[in-house]
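K.L.:
My file is structure-v6.txt. It has compact mmCIF, C-alpha atoms and all ligand atoms:
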```txt
# COMPACT_ATOMS: atom_id res chain seq x y z
CA MET A 1 0.00 0.00 0.00
CA SER A 2 1.31 3.46 -0.81
CA SER A 3 1.92 5.95 1.94
CA ASP A 4 -0.84 8.11 0.43
CA SER A 5 -3.52 5.58 1.25
CA MET A 6 -2.05 4.99 4.74
CA PRO A 7 -1.72 8.49 6.14
CA ARG A 8 0.54 8.73 9.17
CA PHE A 9 -1.73 11.32 10.74
CA ARG A 10 -5.48 11.54 11.22
CA LEU A 11 -7.46 13.87 13.46
CA VAL A 12 -10.83 12.78 14.80
CA GLU A 13 -13.04 15.41 16.42
CA LEU A 14 -15.52 13.97 18.90
CA THR A 15 -16.86 17.06 20.60
CA GLY A 16 -20.38 15.94 21.41
CA GLY A 17 -22.51 19.06 21.09
CA ASP A 18 -21.75 22.76 20.84
CA PRO A 19 -18.71 23.30 23.12
CA PHE A 20 -19.59 26.96 23.67
CA ALA A 21 -23.10 26.07 24.77
CA GLU A 22 -21.74 23.51 27.22
CA PHE A 23 -19.28 26.01 28.68
CA ALA A 24 -22.09 28.59 29.00
CA ILE A 25 -24.39 26.15 30.80
CA ASP A 26 -21.65 25.00 33.21
CA VAL A 27 -20.55 28.57 33.99
CA ALA A 28 -24.14 29.67 34.61
CA ALA A 29 -24.77 26.72 36.93
CA GLY A 30 -21.46 27.10 38.77
CA LEU A 31 -21.70 30.84 39.39
CA THR A 32 -25.33 30.75 40.57
CA ALA A 33 -24.73 27.88 43.00
CA GLU A 34 -24.79 28.42 46.77
CA SER A 35 -21.02 27.80 46.86
CA LYS A 36 -19.66 29.13 43.58
CA HIS A 37 -17.56 26.78 41.49
CA LEU A 38 -16.17 26.31 37.98
CA SER A 39 -14.97 23.06 36.42
CA CYS A 40 -11.21 22.59 36.09
CA ARG A 41 -11.68 21.09 32.64
CA TYR A 42 -12.19 24.61 31.32
CA PHE A 43 -8.64 25.60 32.31
CA TYR A 44 -7.32 24.23 29.04
CA ASP A 45 -7.95 26.74 26.32
CA ARG A 46 -4.84 27.57 24.32
CA GLU A 47 -3.51 30.03 26.89
CA GLY A 48 -4.38 27.70 29.78
CA SER A 49 -2.55 24.80 28.13
CA ARG A 50 0.46 27.07 27.63
CA LEU A 51 0.35 28.12 31.31
CA PHE A 52 0.06 24.49 32.39
CA GLU A 53 3.20 23.66 30.41
CA ALA A 54 4.95 26.50 32.27
CA ILE A 55 3.70 25.03 35.59
CA CYS A 56 5.36 21.73 34.70
CA GLU A 57 8.74 23.52 34.55
CA LEU A 58 8.37 25.27 37.92
CA PRO A 59 10.83 24.37 40.70
CA GLU A 60 7.90 23.80 43.12
CA TYR A 61 5.86 21.60 40.77
CA TYR A 62 7.73 18.32 41.34
CA LEU A 63 5.07 16.08 39.70
CA THR A 64 6.24 16.26 36.08
CA ARG A 65 9.91 15.82 36.97
CA ALA A 66 9.18 12.86 39.25
CA GLU A 67 7.12 11.09 36.59
CA THR A 68 9.71 11.83 33.92
CA GLU A 69 12.41 10.34 36.17
CA ILE A 70 10.34 7.16 36.56
CA LEU A 71 9.73 6.89 32.82
CA GLU A 72 13.41 7.51 32.02
CA ARG A 73 14.37 4.69 34.34
CA HIS A 74 11.69 2.16 33.39
CA ALA A 75 10.52 2.84 29.83
CA ARG A 76 12.46 -0.15 28.45
CA GLU A 77 11.01 -2.48 31.06
CA ILE A 78 7.51 -1.21 30.26
CA ALA A 79 8.13 -1.62 26.53
CA SER A 80 9.31 -5.19 27.08
CA LEU A 81 5.80 -6.11 28.29
CA PHE A 82 4.66 -5.76 24.67
CA PRO A 83 6.28 -8.34 22.41
CA GLY A 84 4.58 -7.21 19.18
CA ASP A 85 2.92 -4.22 17.54
CA VAL A 86 1.08 -1.97 19.95
CA THR A 87 -1.39 0.91 20.15
CA VAL A 88 -0.54 3.55 22.74
CA ILE A 89 -3.60 5.50 23.86
CA GLU A 90 -3.12 8.56 26.04
CA LEU A 91 -5.86 10.30 28.00
CA GLY A 92 -5.15 14.03 28.39
CA SER A 93 -1.98 13.89 26.33
CA GLY A 94 -1.12 17.61 26.42
CA ASN A 95 2.30 18.27 24.90
CA ALA A 96 3.17 14.55 25.19
CA VAL A 97 6.78 15.25 26.16
CA LYS A 98 6.89 12.38 28.69
CA THR A 99 5.29 10.06 26.14
CA ARG A 100 8.38 10.40 23.94
CA LEU A 101 10.30 8.31 26.47
CA LEU A 102 7.90 5.40 25.98
CA LEU A 103 7.74 5.79 22.20
CA ASP A 104 11.54 5.83 22.11
CA ALA A 105 11.63 2.52 23.96
CA LEU A 106 8.83 0.90 21.93
CA LEU A 107 9.59 1.95 18.37
CA PRO A 108 12.82 0.17 17.53
CA ARG A 109 11.20 -3.27 17.69
CA ARG A 110 7.55 -2.85 16.77
CA ARG A 111 5.03 -0.81 14.88
CA VAL A 112 3.36 1.76 17.12
CA ARG A 113 0.11 3.60 16.62
CA TYR A 114 -0.26 6.54 19.00
CA VAL A 115 -3.76 7.74 19.88
CA PRO A 116 -3.60 10.96 21.95
CA ILE A 117 -6.92 12.15 23.37
CA ASP A 118 -7.07 15.77 24.52
CA ILE A 119 -9.66 18.54 24.81
CA CYS A 120 -7.35 21.19 23.36
CA ARG A 121 -7.22 20.73 19.58
CA PRO A 122 -4.34 23.15 18.83
CA VAL A 123 -2.19 21.40 21.45
CA LEU A 124 -3.02 18.01 19.89
CA GLU A 125 -2.03 19.23 16.44
CA GLU A 126 1.22 20.76 17.65
CA SER A 127 2.30 17.75 19.68
CA ALA A 128 1.38 15.36 16.84
CA ALA A 129 3.41 17.39 14.33
CA ASP A 130 6.37 17.29 16.70
CA LEU A 131 6.12 13.51 17.26
CA LEU A 132 5.72 12.71 13.55
CA GLN A 133 8.92 14.61 12.88
CA ARG A 134 10.84 12.96 15.71
CA PHE A 135 9.59 9.43 15.00
CA PRO A 136 9.25 8.80 11.25
CA PRO A 137 7.72 5.32 11.61
CA LEU A 138 5.04 6.47 14.04
CA GLU A 139 1.36 6.47 13.07
CA ILE A 140 -0.92 8.93 14.92
CA VAL A 141 -4.69 9.06 15.29
CA ALA A 142 -5.34 12.21 17.33
CA VAL A 143 -8.71 12.47 19.05
CA ALA A 144 -10.00 15.91 20.07
CA ALA A 145 -12.46 14.97 22.79
CA GLU A 146 -13.24 14.89 26.48
CA TYR A 147 -12.43 11.68 28.35
CA TYR A 148 -15.90 10.24 28.01
CA GLU A 149 -16.16 10.74 24.26
CA GLY A 150 -12.58 9.53 23.99
CA LEU A 151 -13.61 6.30 25.71
CA ARG A 152 -15.96 5.52 22.83
CA HIS A 153 -13.03 5.79 20.46
CA LEU A 154 -11.02 3.49 22.74
CA ARG A 155 -13.32 0.62 21.87
CA SER A 156 -12.61 1.03 18.16
CA GLU A 157 -8.82 0.78 18.63
CA SER A 158 -8.78 -2.93 19.28
CA ASP A 159 -6.70 -4.60 16.56
CA ARG A 160 -3.52 -4.75 18.66
CA PRO A 161 -2.61 -4.92 22.35
CA ARG A 162 -3.03 -1.49 23.88
CA LEU A 163 -1.04 0.49 26.37
CA ILE A 164 -3.39 3.06 27.89
CA LEU A 165 -1.66 6.05 29.49
CA TRP A 166 -3.26 8.25 32.12
CA LEU A 167 -0.26 10.19 33.31
CA GLY A 168 0.58 13.37 35.18
CA SER A 169 -1.77 12.79 38.13
CA ASN A 170 -4.70 13.57 35.86
CA ILE A 171 -6.59 11.06 38.03
CA GLY A 172 -6.29 13.67 40.80
CA ASN A 173 -9.10 15.79 39.38
CA PHE A 174 -11.60 12.99 40.12
CA THR A 175 -12.87 12.10 43.57
CA ARG A 176 -11.73 8.61 44.57
CA GLU A 177 -15.22 7.27 43.78
CA GLU A 178 -15.29 8.95 40.36
CA ALA A 179 -11.79 7.64 39.66
CA ALA A 180 -12.92 4.08 40.39
CA VAL A 181 -15.99 4.45 38.14
CA PHE A 182 -13.93 5.94 35.32
CA LEU A 183 -11.24 3.26 35.61
CA ARG A 184 -13.92 0.58 35.53
CA ARG A 185 -15.23 2.01 32.28
CA ILE A 186 -11.74 1.83 30.84
CA ARG A 187 -11.31 -1.67 32.24
CA ASN A 188 -14.47 -2.73 30.41
CA THR A 189 -12.77 -1.82 27.11
CA MET A 190 -9.58 -3.75 27.97
CA THR A 191 -8.56 -7.22 26.87
CA PRO A 192 -6.23 -9.37 29.02
CA ALA A 193 -3.33 -8.30 26.76
CA ASP A 194 -3.90 -4.59 27.42
CA ARG A 195 -2.14 -2.62 30.12
CA MET A 196 -2.80 0.71 31.72
CA LEU A 197 -0.19 3.07 33.18
CA VAL A 198 -1.50 5.55 35.72
CA GLY A 199 0.60 8.35 37.24
CA VAL A 200 -0.49 9.10 40.81
CA ASP A 201 0.71 11.86 43.11
CA LEU A 202 1.25 10.77 46.71
CA ARG A 203 0.13 12.31 49.98
CA LYS A 204 2.98 14.25 51.52
CA ASP A 205 3.93 17.28 53.59
CA ARG A 206 1.45 20.13 53.43
CA ALA A 207 4.19 22.70 52.73
CA VAL A 208 5.48 20.77 49.70
CA LEU A 209 1.97 20.36 48.28
CA GLU A 210 0.85 23.93 48.86
CA ALA A 211 4.03 25.34 47.28
CA ALA A 212 3.47 23.13 44.21
CA TYR A 213 0.05 24.74 43.72
CA ASP A 214 0.99 28.29 44.77
CA ASP A 215 4.38 28.94 43.22
CA ALA A 216 6.56 31.97 43.93
CA ALA A 217 6.49 33.16 40.30
CA GLY A 218 2.69 33.25 40.28
CA VAL A 219 2.26 30.97 37.26
CA THR A 220 -0.38 28.82 38.96
CA ALA A 221 -2.21 31.99 40.00
CA ALA A 222 -2.22 33.12 36.36
CA PHE A 223 -3.43 29.65 35.29
CA ASN A 224 -6.30 29.86 37.79
CA ARG A 225 -7.24 33.44 36.80
CA ASN A 226 -7.13 32.52 33.11
CA LEU A 227 -10.45 30.77 33.67
CA LEU A 228 -11.99 34.22 34.22
CA ALA A 229 -10.27 35.61 31.13
CA ARG A 230 -11.69 32.68 29.15
CA ILE A 231 -15.20 33.53 30.37
CA ASN A 232 -14.57 37.12 29.28
CA HIS A 233 -13.47 36.07 25.76
CA GLU A 234 -15.86 33.25 25.04
CA LEU A 235 -18.96 34.33 26.94
CA ASN A 236 -18.60 38.10 26.76
CA GLY A 237 -17.92 38.54 30.47
CA ASN A 238 -16.44 41.54 32.26
CA PHE A 239 -14.45 39.86 35.05
CA ASP A 240 -11.47 41.84 36.30
CA PRO A 241 -9.15 38.86 36.92
CA ARG A 242 -6.92 41.05 39.13
CA ALA A 243 -9.83 41.48 41.55
CA PHE A 244 -9.53 37.75 42.41
CA ARG A 245 -6.74 36.22 44.46
CA HIS A 246 -5.40 32.71 43.91
CA ARG A 247 -5.65 30.34 46.89
CA ALA A 248 -4.42 26.76 47.15
CA ILE A 249 -4.89 24.85 50.40
CA TYR A 250 -4.27 21.22 51.31
CA ASN A 251 -7.32 19.54 52.82
CA GLN A 252 -5.55 16.80 54.70
CA ASP A 253 -8.71 14.93 55.76
CA LEU A 254 -9.78 14.51 52.15
CA GLY A 255 -6.20 14.27 50.86
CA ARG A 256 -6.65 16.91 48.22
CA ILE A 257 -5.36 20.30 47.16
CA GLU A 258 -8.28 22.70 46.72
CA MET A 259 -7.88 25.72 44.47
CA TYR A 260 -10.02 28.81 44.71
CA LEU A 261 -10.33 32.29 43.26
CA VAL A 262 -11.10 34.73 46.07
CA SER A 263 -12.92 37.99 45.42
CA THR A 264 -10.81 40.82 46.86
CA ARG A 265 -13.83 43.13 47.24
CA VAL A 266 -17.57 43.40 46.80
CA GLN A 267 -18.17 43.31 43.07
CA SER A 268 -20.66 42.48 40.33
CA VAL A 269 -19.72 40.69 37.14
CA THR A 270 -21.87 40.49 34.03
CA ILE A 271 -21.60 37.65 31.53
CA GLY A 272 -23.33 38.88 28.39
CA ARG A 273 -23.72 35.65 26.50
CA ILE A 274 -25.70 34.01 29.29
CA GLY A 275 -27.43 37.22 30.43
CA LEU A 276 -26.16 36.76 33.97
CA THR A 277 -25.02 39.22 36.61
CA VAL A 278 -23.19 37.66 39.55
CA ARG A 279 -22.51 39.42 42.82
CA PHE A 280 -19.48 38.62 44.96
CA ALA A 281 -18.95 39.48 48.61
CA ALA A 282 -15.45 40.47 49.73
CA GLY A 283 -13.60 37.21 50.42
CA GLU A 284 -16.16 35.07 48.59
CA THR A 285 -14.64 32.12 46.76
CA ILE A 286 -15.04 30.30 43.47
CA HIS A 287 -13.84 26.69 43.84
CA THR A 288 -11.92 25.85 40.64
CA GLU A 289 -10.05 22.58 41.21
CA ASN A 290 -9.46 19.55 43.40
CA SER A 291 -6.26 17.61 43.07
CA TYR A 292 -6.39 14.34 45.00
CA LYS A 293 -3.28 12.81 46.57
CA TYR A 294 -2.99 9.12 47.39
CA THR A 295 -1.49 6.62 49.79
CA LEU A 296 -0.60 3.21 48.40
CA ALA A 297 -3.64 1.78 50.22
CA GLU A 298 -5.90 4.37 48.58
CA ILE A 299 -4.50 3.57 45.14
CA ASN A 300 -5.08 -0.13 45.68
CA ALA A 301 -8.61 0.49 46.91
CA VAL A 302 -9.46 2.47 43.75
CA ALA A 303 -7.86 -0.15 41.47
CA THR A 304 -9.73 -2.96 43.22
CA ALA A 305 -13.04 -1.06 43.08
CA ALA A 306 -12.44 -0.66 39.33
CA GLY A 307 -11.84 -4.39 38.92
CA LEU A 308 -8.22 -3.80 37.98
CA GLN A 309 -5.15 -5.61 39.20
CA ASP A 310 -2.22 -3.46 40.33
CA GLN A 311 0.53 -5.54 38.70
CA CYS A 312 3.42 -3.39 39.86
CA PHE A 313 4.43 0.20 40.47
CA TRP A 314 7.50 2.36 40.21
CA GLN A 315 8.45 5.37 42.32
CA ASP A 316 10.83 8.32 41.90
CA ALA A 317 13.93 8.40 44.12
CA ALA A 318 12.44 11.04 46.43
CA GLY A 319 9.29 8.93 46.93
CA GLN A 320 6.87 11.62 45.80
CA PHE A 321 5.05 10.03 42.87
CA ASN A 322 3.99 6.57 41.69
CA LEU A 323 3.48 5.06 38.28
CA HIS A 324 1.15 2.04 38.43
CA LEU A 325 0.80 -0.74 35.88
CA LEU A 326 -2.78 -2.05 35.85
CA ALA A 327 -4.30 -5.01 34.05
CA THR A 328 -7.65 -6.77 33.92
CA GLY A 329 -6.16 -9.71 35.76
CA GLU A 330 -7.92 -12.21 33.51
CA GLY A 331 -4.81 -12.92 31.48
CA ARG A 332 -2.84 -14.27 34.41
CA ALA A 333 -5.73 -16.30 35.77
CA ALA A 334 -6.41 -17.76 32.34
CA ARG A 335 -2.82 -18.91 32.07
CA GLY A 336 -3.06 -20.40 35.52
CA GLU A 337 -0.40 -18.20 37.09
CA GLU A 338 -0.62 -17.33 40.78
C1 LIG B 1 -3.23 18.41 35.25
C2 LIG B 1 -4.74 17.89 37.00
C3 LIG B 1 -2.56 16.96 36.98
O1 LIG B 1 -3.71 18.78 39.56
O2 LIG B 1 -1.56 18.87 39.44
C4 LIG B 1 -1.50 22.07 38.19
C5 LIG B 1 -3.39 20.61 37.20
N1 LIG B 1 -3.52 22.64 38.66
N2 LIG B 1 -1.46 23.17 38.97
C6 LIG B 1 -2.67 18.97 38.93
C7 LIG B 1 -2.80 21.74 38.00
C8 LIG B 1 -2.69 23.50 39.25
C9 LIG B 1 -2.74 19.30 37.45
N3 LIG B 1 -3.35 18.16 36.68
```
Spell out the structure here as structure tokens.
Ligand code: AVJ

P.N.:
Amino acid sequence: MSSDSMPRFRLVELTGGDPFAEFAIDVAAGLTAESKHLSCRYFYDREGSRLFEAICELPEYYLTRAETEILERHAREIASLFPGDVTVIELGSGNAVKTRLLLDALLPRRRVRYVPIDICRPVLEESAADLLQRFPPLEIVAVAAEYYEGLRHLRSESDRPRLILWLGSNIGNFTREEAAVFLRRIRNTMTPADRMLVGVDLRKDRAVLEAAYDDAAGVTAAFNRNLLARINHELNGNFDPRAFRHRAIYNQDLGRIEMYLVSTRVQSVTIGRIGLTVRFAAGETIHTENSYKYTLAEINAVATAAGLQDQCFWQDAAGQFNLHLLATGEGRAARGEE
């Protein structure tokens, strides 16, 4: 077959309805609620994705470096679990810099199809262009979608064993219950030959966690405030982002970082596209993100609730972050092992 009929790059757009309408409905609901809130999935417009990449380089944000260290050390071992051709599916792929380490380890010996799933289409296109240039034999099917739509596509990628990546502590945005439900849905698409790699941030000292989400340079604050700028651009709002302070606190009981935007004064904000005026008291908060941290026992509880077997895990040298290898468990049982 000629290379023309087998394109190395395809982009599938699976945005369910009108993304602007969805954003408008969620913003209206969140800002009229008793305790105001906005969903963290709206952080990732183009500017937000750029700010998140800057967060990953911050001295305080240890997560990306810890996970990269683990992948650098163990990518070959992970690759060796797949004897033949493989499809690598990544949920929330972003700039896919860490993924290069796995592709590097996989590609010399097998054909690899890479299926990144991300809600930010420009980021998908840029990262795919970069990977195609770095890895000439790589085939890419990029899926612009939210996780749930992406899951539907997961079912159609079933001709080869799959390595499903959910890296970067993306699991942290779900409650533990939601994480278990979501993992079970993924599990239900997996065959015994498939594997899932999940990057999980660990519970640790409050000071370390709070610094990671409230950096000295103010990049996380800008990332948080960008949500208000996005409402201004896309929904014709008149937020003054400077009239909101960034706050990140560790809720130790729940084991999660909570991020808020705090109104610095009494103020009213109008959002033209949804015909809404919202009043804020001085000190009133908008809850914008939860980022759950785990103990090993909590990780195992979620994996078990999802019907997944935690086959093994790797940790960075400082013991801050885990990478877990999950499987359906059927494969081993069927072969009579253990
Ligand atoms: C992309 C969800 C993993 O929770 O650490 C970083 C997002 N928010 N700084 C995280 C984030 C503030 C990040 N995740």

K.L.:
Compile a residue-level contact table for chain A against ligand LIG 1 (chain B) at a cut-off of 6 Å, reporting for every qualifying residue the shortest atom pair and its distance in Å to one decimal, with all atoms listed in the file counted, rows ordered by chain and ascending number, as a tab-separated table.

P.N.:
```
residue	atom	partner	partner_atom	distance
A:Gly168	CA	B:LIG1	C3	5.1
A:Ser169	CA	B:LIG1	C3	4.4
A:Asn170	CA	B:LIG1	C3	4.2
A:Gly172	CA	B:LIG1	O1	5.9
A:Asn173	CA	B:LIG1	C2	5.4
A:Tyr213	CA	B:LIG1	N2	5.2
A:Thr220	CA	B:LIG1	N2	5.8
A:Ser291	CA	B:LIG1	O1	4.5
```

K.L.:
Do a neighbour search on A:Arg225 at 9 Å with all atoms listed in the file, toss out local chain neighbours closer than 6 positions, and write the hits as a PyMOL selection string.

P.N.:
chain A and resi 241-242+244-246+261

K.L.:
Can you tell me which residues surround stretch 133-145 of chain A at a distance of at most 9 Å, considering all atoms listed in the file, apart from same-chain residues fewer than 3 positions away, and format the answer as a count of residues only?

P.N.:
34

K.L.:
Just to confirm, what's the straight-line distance from atom CA of A:Asp214 to atom CA of A:Ile249 in Å (one decimal)?

P.N.:
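These atoms are spaced 8.8 Å apart.
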
K.L.:
Using all atoms listed in the file, which of the listed residues (A:Phe82, A:Phe223, A:Tyr260, A:Phe321) sits closest to A:Arg160?

P.N.:
A:Phe82

K.L.:
Choose the residue, out of A:Glu90, A:Asp310, A:Leu183, A:Asn95, that has the smallest atom-to-atom separation from A:Cys56; count all atoms listed in the file.

P.N.:
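That would be A:Asn95, the residue with the smallest distance to A:Cys56.
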
K.L.:
Find the distance between atom CA of A:Gly329 and atom CA of A:Arg176 and write it in Å to one decimal.

P.N.:
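Going from atom CA of A:Gly329 over to atom CA of A:Arg176, I get 21.1 Å.
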
K.L.:
What is the atom CA of A:Val269 to atom CA of A:Ala248 distance in Å?

P.N.:
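If I compute the distance from atom CA of A:Val269 to atom CA of A:Ala248, I get 23.0 Å.
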
K.L.:
Looking at only C-alpha atoms, which of A:Val198, A:Val86, A:Ile70, A:Leu209 is the one that sits closest to A:Leu101?

P.N.:
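Residue with the minimum atom-to-atom distance to A:Leu101: A:Ile70.
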
K.L.:
With distances taken over all atoms listed in the file, which residue among A:Ala221, A:Val302, A:Leu154, A:Ala21 lies nearest A:Thr87?

P.N.:
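Under the stated criterion, the closest residue is A:Leu154.
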
K.L.:
Pick the closest to A:Ala207 from A:Ile257, A:Val262, A:Ile299, A:Ala243: which is it, counting only C-alpha atoms?

P.N.:
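Of all the options, A:Ile257 lies closest to A:Ala207.
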
K.L.:
Give the answer as one residue: which of A:Leu167, A:Leu235, A:Phe280, A:Ile78 has the shortest atom-to-atom distance to A:Asp26, using all atoms listed in the file?

P.N.:
A:Leu235

K.L.:
Mind checking which residues fall within 7 Å of A:Ala75, counting all atoms listed in the file, ignoring those fewer than 4 positions away in the same chain, and posting them as an mmCIF file with C-alpha atoms, in the coordinates of the input?

P.N.:
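Written output follows (around_8.cif):
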```
data_model
loop_
_atom_site.group_PDB
_atom_site.id
_atom_site.type_symbol
_atom_site.label_atom_id
_atom_site.label_comp_id
_atom_site.auth_asym_id
_atom_site.auth_seq_id
_atom_site.Cartn_x
_atom_site.Cartn_y
_atom_site.Cartn_z
ATOM 1 C CA LEU A 71 9.730 6.890 32.820
ATOM 2 C CA ALA A 79 8.130 -1.620 26.530
ATOM 3 C CA LEU A 101 10.300 8.310 26.470
ATOM 4 C CA LEU A 102 7.900 5.400 25.980
ATOM 5 C CA ALA A 105 11.630 2.520 23.960
#
```

K.L.:
Name the residues in contact with A:Ala180 at a cut-off of 12 Å, using all atoms listed in the file, excluding same-chain residues fewer than 4 positions from it; report them as a list of chain:residue names.

P.N.:
A:Ile171, A:Gly172, A:Phe174, A:Thr175, A:Arg176, A:Arg184, A:Arg185, A:Ile186, A:Arg187, A:Glu298, A:Ile299, A:Asn300, A:Ala301, A:Val302, A:Ala303, A:Thr304, A:Ala305, A:Ala306, A:Gly307, A:Leu308

K.L.:
Find the spatial neighbours of A:His37, counting only C-alpha atoms, within a cut-off of 12 Å - ignore same-chain residues fewer than 5 positions away - and output them as JSON, numbers by chain.

P.N.:
{"A": [26, 27, 28, 29, 30, 31, 32, 42, 227, 228, 258, 259, 260, 261, 262, 284, 285, 286, 287, 288, 289, 290]}

K.L.:
Keeping only C-alpha atoms, write the selected residues as a compact mmCIF listing (two decimals), in the frame of the given file.

P.N.:
```txt
# COMPACT_ATOMS: atom_id res chain seq x y z
CA ASP A 26 -21.65 25.00 33.21
CA VAL A 27 -20.55 28.57 33.99
CA ALA A 28 -24.14 29.67 34.61
CA ALA A 29 -24.77 26.72 36.93
CA GLY A 30 -21.46 27.10 38.77
CA LEU A 31 -21.70 30.84 39.39
CA THR A 32 -25.33 30.75 40.57
CA TYR A 42 -12.19 24.61 31.32
CA LEU A 227 -10.45 30.77 33.67
CA LEU A 228 -11.99 34.22 34.22
CA GLU A 258 -8.28 22.70 46.72
CA MET A 259 -7.88 25.72 44.47
CA TYR A 260 -10.02 28.81 44.71
CA LEU A 261 -10.33 32.29 43.26
CA VAL A 262 -11.10 34.73 46.07
CA GLU A 284 -16.16 35.07 48.59
CA THR A 285 -14.64 32.12 46.76
CA ILE A 286 -15.04 30.30 43.47
CA HIS A 287 -13.84 26.69 43.84
CA THR A 288 -11.92 25.85 40.64
CA GLU A 289 -10.05 22.58 41.21
CA ASN A 290 -9.46 19.55 43.40
```
